[in-house]
Every structure is written in C-alpha cells, then in structure tokens.
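A quick write-up on the structure given underneath.
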Amino acid sequence: MSKNLQVTIDKDSGFCFGVVYAIDMAEEILEEDGYLYCLGDIVHNDEEVARLKVKGLRIIGHEALPNLQNEKVLIRAHGEAPETYQIALENNITLIDASCPVVLKLQNRIKTSHDDNEKILIFGKHGHAEVIGLQGQTNNQALVFQDISELDEVELPPSFTLYSQTTKSVDKFYAIKDELINRGYEVKANDTICRQVSNRYEDLGDFARQYDKVLFVSGKKSSNGKVLYDVCKAANPDSYFISALDEIDPSIFQEQETVGICGATSTPMWLMKEVKQVLEGL
C-alpha cells in the first residue's frame, strides 16, 4: 500500500556558489578535452564525484602532482597551499583555479598575519582540504584545533590571532573566542565564516520544524554537512542523515506524513530530486 508521503525539497539547499563555479569550470573543460585532472575530490559528495568521473574527471592526490607534466589540473573550491602552485610552475602544469573567493580572501588574511609575525590559531577540521591550504600560508606553523579541549594541554602564547575554517559554526567560533579571553589570553578574532553557510542555520531550522520527518542529504566527508545536519536535528529530532538512495529506510515513514528534504552546500540538487522520487514511490 502506498504511503502517500507529501515531500518538499528545501529551495535554499544545494551547491554554494564556490562549488557551482568549480563544477561549471570542470564541465566546460571536460566537454572540450574529454578529460581533466582534479586535485582531490571536486566536492565532498561521492555521488557527484562519480557523475563527473563518467565525464572524464580524474581525481588525483597531492603525491601524484609532481609526476604530471604539461597537463591541466583543477584546484577545487577549498583552495590550495603555495607549494601546489610551485610544483605546477616547475612541471608546466596549467592550474584551472576554482578556489572559492571567500577561501582566497581568508588565505590572504592569514598570510598577512603570518608575515606580520602574529601567532595564529585556526579553528578547523584536522586534515580538511581547506585547512591544509590555510596552514600552508603560514609554512604550517599555525596551530589547528577542532575542539577547544585540544588546547587544554597546549602552552599558548599570551596573545594570538584566531581564524576559522569558512564552513564552521559561527556560534561555536564566538564561544571559543570568549572562552579563550576568559582564560586570560589576548585574542584578535577574525570571523571568516562564509555567510552563505552560516545564514542557512536559521532558515534550515525553520524548514526542518515544518515537517513530520526530515531527510538531510550530504556526503559523509562534508564539514558543513555535519554542522547543518546538527541544526536540522536540533530543530526536528526526527531528522535522518543519508548520503545515497540506498540509505533511505522506508520503515521510518508513516502514511500521509510530510517529509522535508535538505542538504549541505556540497549536495547536488539532482540527488535531492532523486531522493524525493524514491519517497514519493513508497
């Protein structure tokens, strides 16, 4: 028997402009050349990466870059460390630079702080592509932490400059700043969080509250996906995180329920539409 679910996709979910820009650039070159190298996953969404691989996108790691000569390589929205540009120069590699303007601006600010001999702390996810690029601006001297508890055993300088990965929670950033000031440090805080992500918190909470159930669609590697899913879950405890169609559990839905579908800034709209189709077919 059909469950007859009423399904709505959040119109504000889906790719941010940085990701749209990178994918548009990749598709244009794939159309012309038939293939294109990309340094790391173009977006933290396995389904979208698989779609572009079929078109000829070749994902490579940093260790493979020095072995390439005379090729085109895409830099994704997360940005890169200075070393990448140096290797490209030496190997006659044409970089298709799709670094997000928000990330580039942050890289420049961190580099300026480093050149001014400021001690730098970065609130960000260890090993994240964007964070590696940010750390690269400081010759890897910046201290990266993803939770304030990591700083409990660390001897920090009396004064330092605090930055954040662009997709972190604004509230958490300011809570960390206040806590560090309370601990007696002189903190020069730079709120460098992308407003296209942070402005979605409130809207997403409002969206999630309207439905019986919410499916949040995101790649498991997505940093902002984790943050935004937590927003959904707080607004509506009946929120479920899925990355692919085969993760949809039909048993959680009752007849006639309303279901909201939303996602991260790295979630393609086509995937959310496919999720909607599956739900409407239950």
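In the structure tokens, chains take the letters A, B, ... in the order shown, each chain's residues start at 1, and ligands count up from 1 in the order shown.
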Would you mind listing what lies within 12 Å of Glu47 in chain A as a ChimeraX atom specification, with only C-alpha atoms counted and same-chain residues fewer than 5 positions away left out? /A:41-42,52-54,217-220,242-246,266-272,274
Okay, now the selection with N, CA, C and O atoms, as a compact mmCIF listing (two decimals), in the first residue's frame?
# COMPACT_ATOMS: atom_id res chain seq x y z
N ASP A 41 38.94 15.33 -4.28
CA ASP A 41 37.53 15.30 -4.69
C ASP A 41 37.05 16.72 -4.97
O ASP A 41 37.20 17.60 -4.12
N ILE A 42 36.43 16.91 -6.14
CA ILE A 42 35.99 18.26 -6.52
C ILE A 42 34.97 18.81 -5.53
O ILE A 42 34.87 20.02 -5.31
N LEU A 52 30.83 13.02 -12.39
CA LEU A 52 31.85 13.73 -13.16
C LEU A 52 32.97 12.81 -13.64
O LEU A 52 33.57 13.05 -14.68
N LYS A 53 33.23 11.75 -12.88
CA LYS A 53 34.24 10.78 -13.33
C LYS A 53 33.82 10.12 -14.64
O LYS A 53 34.66 9.85 -15.51
N VAL A 54 32.53 9.87 -14.78
CA VAL A 54 32.00 9.28 -16.02
C VAL A 54 32.29 10.22 -17.20
O VAL A 54 32.55 9.78 -18.31
N VAL A 217 20.48 15.23 3.21
CA VAL A 217 21.28 14.51 2.23
C VAL A 217 22.65 15.18 2.13
O VAL A 217 22.75 16.37 1.81
N SER A 218 23.70 14.41 2.41
CA SER A 218 25.05 15.00 2.38
C SER A 218 26.10 13.92 2.29
O SER A 218 25.90 12.79 2.75
N GLY A 219 27.25 14.27 1.71
CA GLY A 219 28.40 13.37 1.73
C GLY A 219 28.92 13.28 3.16
O GLY A 219 28.84 14.24 3.93
N LYS A 220 29.45 12.12 3.50
CA LYS A 220 29.95 11.92 4.88
C LYS A 220 31.21 12.75 5.16
O LYS A 220 31.53 13.02 6.30
N ILE A 242 21.41 10.96 5.35
CA ILE A 242 21.69 9.94 4.34
C ILE A 242 22.66 10.51 3.30
O ILE A 242 22.70 11.72 3.06
N SER A 243 23.45 9.62 2.69
CA SER A 243 24.39 10.04 1.64
C SER A 243 23.98 9.53 0.27
O SER A 243 24.42 10.06 -0.75
N ALA A 244 23.16 8.47 0.24
CA ALA A 244 22.80 7.85 -1.03
C ALA A 244 21.38 7.27 -0.94
O ALA A 244 20.85 7.08 0.17
N LEU A 245 20.80 6.95 -2.08
CA LEU A 245 19.42 6.46 -2.14
C LEU A 245 19.24 5.16 -1.36
O LEU A 245 18.19 4.95 -0.74
N ASP A 246 20.27 4.30 -1.37
CA ASP A 246 20.11 3.00 -0.70
C ASP A 246 20.15 3.12 0.83
O ASP A 246 19.99 2.12 1.54
N SER A 266 27.43 21.13 -0.42
CA SER A 266 28.11 20.25 -1.36
C SER A 266 27.16 19.16 -1.89
O SER A 266 27.60 18.20 -2.50
N THR A 267 25.86 19.30 -1.62
CA THR A 267 24.88 18.30 -2.06
C THR A 267 24.24 18.74 -3.37
O THR A 267 23.65 19.82 -3.44
N PRO A 268 24.35 17.91 -4.43
CA PRO A 268 23.74 18.31 -5.70
C PRO A 268 22.21 18.25 -5.66
O PRO A 268 21.64 17.34 -5.04
N MET A 269 21.57 19.20 -6.32
CA MET A 269 20.11 19.23 -6.37
C MET A 269 19.56 17.98 -7.03
O MET A 269 18.52 17.46 -6.62
N TRP A 270 20.26 17.44 -8.04
CA TRP A 270 19.75 16.25 -8.73
C TRP A 270 19.61 15.07 -7.78
O TRP A 270 18.69 14.26 -7.90
N LEU A 271 20.51 14.99 -6.77
CA LEU A 271 20.45 13.89 -5.81
C LEU A 271 19.24 14.06 -4.89
O LEU A 271 18.53 13.09 -4.58
N MET A 272 18.97 15.30 -4.47
CA MET A 272 17.80 15.54 -3.61
C MET A 272 16.50 15.25 -4.37
O MET A 272 15.54 14.74 -3.81
N GLU A 274 16.21 12.98 -6.71
CA GLU A 274 16.10 11.50 -6.77
C GLU A 274 15.56 10.94 -5.46
O GLU A 274 14.77 10.00 -5.44
Excluding Ser2 in chain A and residues on its chain fewer than 4 positions from it, collect all residues at most 12 Å away from it, counting only C-alpha atoms, and give them as an NGL selection string. :A and (6 or 250 or 253-257 or 278-282)
Take the residues just selected and output them with N, CA, C and O atoms as a PDB file, in the first residue's frame.
ATOM      1  N   GLN A   6       3.951  13.396   1.578  1.00  0.00           N
ATOM      2  CA  GLN A   6       3.989  14.744   0.996  1.00  0.00           C
ATOM      3  C   GLN A   6       5.422  15.258   1.129  1.00  0.00           C
ATOM      4  O   GLN A   6       5.874  15.551   2.240  1.00  0.00           O
ATOM      5  N   PRO A 250      12.561   2.861   4.431  1.00  0.00           N
ATOM      6  CA  PRO A 250      11.113   3.083   4.281  1.00  0.00           C
ATOM      7  C   PRO A 250      10.329   2.895   5.583  1.00  0.00           C
ATOM      8  O   PRO A 250       9.277   3.507   5.776  1.00  0.00           O
ATOM      9  N   PHE A 253       8.834   5.825   7.886  1.00  0.00           N
ATOM     10  CA  PHE A 253       7.761   6.725   7.446  1.00  0.00           C
ATOM     11  C   PHE A 253       6.376   6.111   7.654  1.00  0.00           C
ATOM     12  O   PHE A 253       6.152   4.939   7.367  1.00  0.00           O
ATOM     13  N   GLN A 254       5.468   6.927   8.156  1.00  0.00           N
ATOM     14  CA  GLN A 254       4.054   6.523   8.306  1.00  0.00           C
ATOM     15  C   GLN A 254       3.260   7.101   7.135  1.00  0.00           C
ATOM     16  O   GLN A 254       3.700   8.045   6.478  1.00  0.00           O
ATOM     17  N   GLU A 255       2.089   6.540   6.926  1.00  0.00           N
ATOM     18  CA  GLU A 255       1.219   7.039   5.834  1.00  0.00           C
ATOM     19  C   GLU A 255       0.892   8.518   6.017  1.00  0.00           C
ATOM     20  O   GLU A 255       0.717   8.987   7.153  1.00  0.00           O
ATOM     21  N   GLN A 256       0.838   9.221   4.894  1.00  0.00           N
ATOM     22  CA  GLN A 256       0.399  10.628   4.840  1.00  0.00           C
ATOM     23  C   GLN A 256       1.346  11.605   5.535  1.00  0.00           C
ATOM     24  O   GLN A 256       0.995  12.766   5.734  1.00  0.00           O
ATOM     25  N   GLU A 257       2.542  11.159   5.911  1.00  0.00           N
ATOM     26  CA  GLU A 257       3.443  12.082   6.615  1.00  0.00           C
ATOM     27  C   GLU A 257       4.011  13.127   5.658  1.00  0.00           C
ATOM     28  O   GLU A 257       4.134  12.901   4.454  1.00  0.00           O
ATOM     29  N   VAL A 278      12.094   8.682  -4.856  1.00  0.00           N
ATOM     30  CA  VAL A 278      12.037   7.431  -4.108  1.00  0.00           C
ATOM     31  C   VAL A 278      10.948   7.505  -3.029  1.00  0.00           C
ATOM     32  O   VAL A 278      10.144   6.588  -2.873  1.00  0.00           O
ATOM     33  N   LEU A 279      10.942   8.618  -2.284  1.00  0.00           N
ATOM     34  CA  LEU A 279       9.958   8.775  -1.197  1.00  0.00           C
ATOM     35  C   LEU A 279       8.517   8.790  -1.736  1.00  0.00           C
ATOM     36  O   LEU A 279       7.616   8.198  -1.146  1.00  0.00           O
ATOM     37  N   GLU A 280       8.348   9.456  -2.869  1.00  0.00           N
ATOM     38  CA  GLU A 280       7.003   9.524  -3.453  1.00  0.00           C
ATOM     39  C   GLU A 280       6.551   8.180  -4.001  1.00  0.00           C
ATOM     40  O   GLU A 280       5.356   7.954  -4.203  1.00  0.00           O
ATOM     41  N   GLY A 281       7.508   7.283  -4.238  1.00  0.00           N
ATOM     42  CA  GLY A 281       7.172   5.955  -4.758  1.00  0.00           C
ATOM     43  C   GLY A 281       6.918   4.935  -3.655  1.00  0.00           C
ATOM     44  O   GLY A 281       6.578   3.775  -3.935  1.00  0.00           O
ATOM     45  N   LEU A 282       7.119   5.338  -2.386  1.00  0.00           N
ATOM     46  CA  LEU A 282       6.934   4.375  -1.279  1.00  0.00           C
ATOM     47  C   LEU A 282       5.458   4.068  -1.064  1.00  0.00           C
ATOM     48  O   LEU A 282       4.604   4.919  -1.242  1.00  0.00           O
TER      49      LEU A 282
END
Sorted by chain and rising residue number, list the residues of range 43-149 of chain A at most 10 Å from range 193-216 of chain A (counting only C-alpha atoms), each with its closest atom pair and distance in Å to one decimal, as a tab-separated table.
residue	atom	partner	partner_atom	distance
A:Val102	CA	A:Cys194	CA	6.7
A:Val103	CA	A:Cys194	CA	8.5
A:Leu106	CA	A:Ile193	CA	9.2
For the selection you just gave me, I'd like the residues written to a file as a PDB file, in the first residue's frame, keeping N, CA, C and O atoms.
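Final output, saved to again_1.pdb:
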ATOM      1  N   VAL A 102      35.821  33.357  -1.185  1.00  0.00           N
ATOM      2  CA  VAL A 102      35.785  33.521   0.282  1.00  0.00           C
ATOM      3  C   VAL A 102      37.017  32.861   0.902  1.00  0.00           C
ATOM      4  O   VAL A 102      37.639  33.398   1.816  1.00  0.00           O
ATOM      5  N   VAL A 103      37.398  31.697   0.380  1.00  0.00           N
ATOM      6  CA  VAL A 103      38.580  30.983   0.873  1.00  0.00           C
ATOM      7  C   VAL A 103      39.850  31.752   0.508  1.00  0.00           C
ATOM      8  O   VAL A 103      40.759  31.898   1.334  1.00  0.00           O
ATOM      9  N   LEU A 106      40.408  34.619   2.783  1.00  0.00           N
ATOM     10  CA  LEU A 106      40.880  34.136   4.087  1.00  0.00           C
ATOM     11  C   LEU A 106      42.359  33.757   4.011  1.00  0.00           C
ATOM     12  O   LEU A 106      43.143  34.091   4.916  1.00  0.00           O
TER      13      LEU A 106
END
DSSP alpha helix (DSSP H) residues within range 29-217 of chain A, listed as a ChimeraX atom specification: /A:29-33,46-54,82-90,101-115,129-136,170-182,195-198,200-209
Write out as a PyMOL selection string which residues come within 12 Å of Ile29 in chain A when counting only C-alpha atoms, dropping same-chain ones fewer than 5 positions away. chain A and resi 22-24+34-38+52+55-57+72-74+96
Among the residues of range 81-274 of chain A, find those DSSP assigns to strand (DSSP E) from the backbone and print them as number ranges by chain. A: 94-97, 120-123, 143-145, 159-164, 186-189, 213-217, 239-242, 258-263
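The interatomic distance for the pair CA of Lys172 in chain A and CA of Asp115 in chain A works out to 27.4 Å.
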From the list A:Ser99, A:Val170, A:Ser164, A:Glu83, the nearest residue to Phe123 in chain A using only C-alpha atoms is A:Ser164
CA of His78 in chain A and CA of Asn140 in chain A, how far apart in Å?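 Between CA of Asn140 in chain A and CA of His78 in chain A the gap is 16.8 Å.
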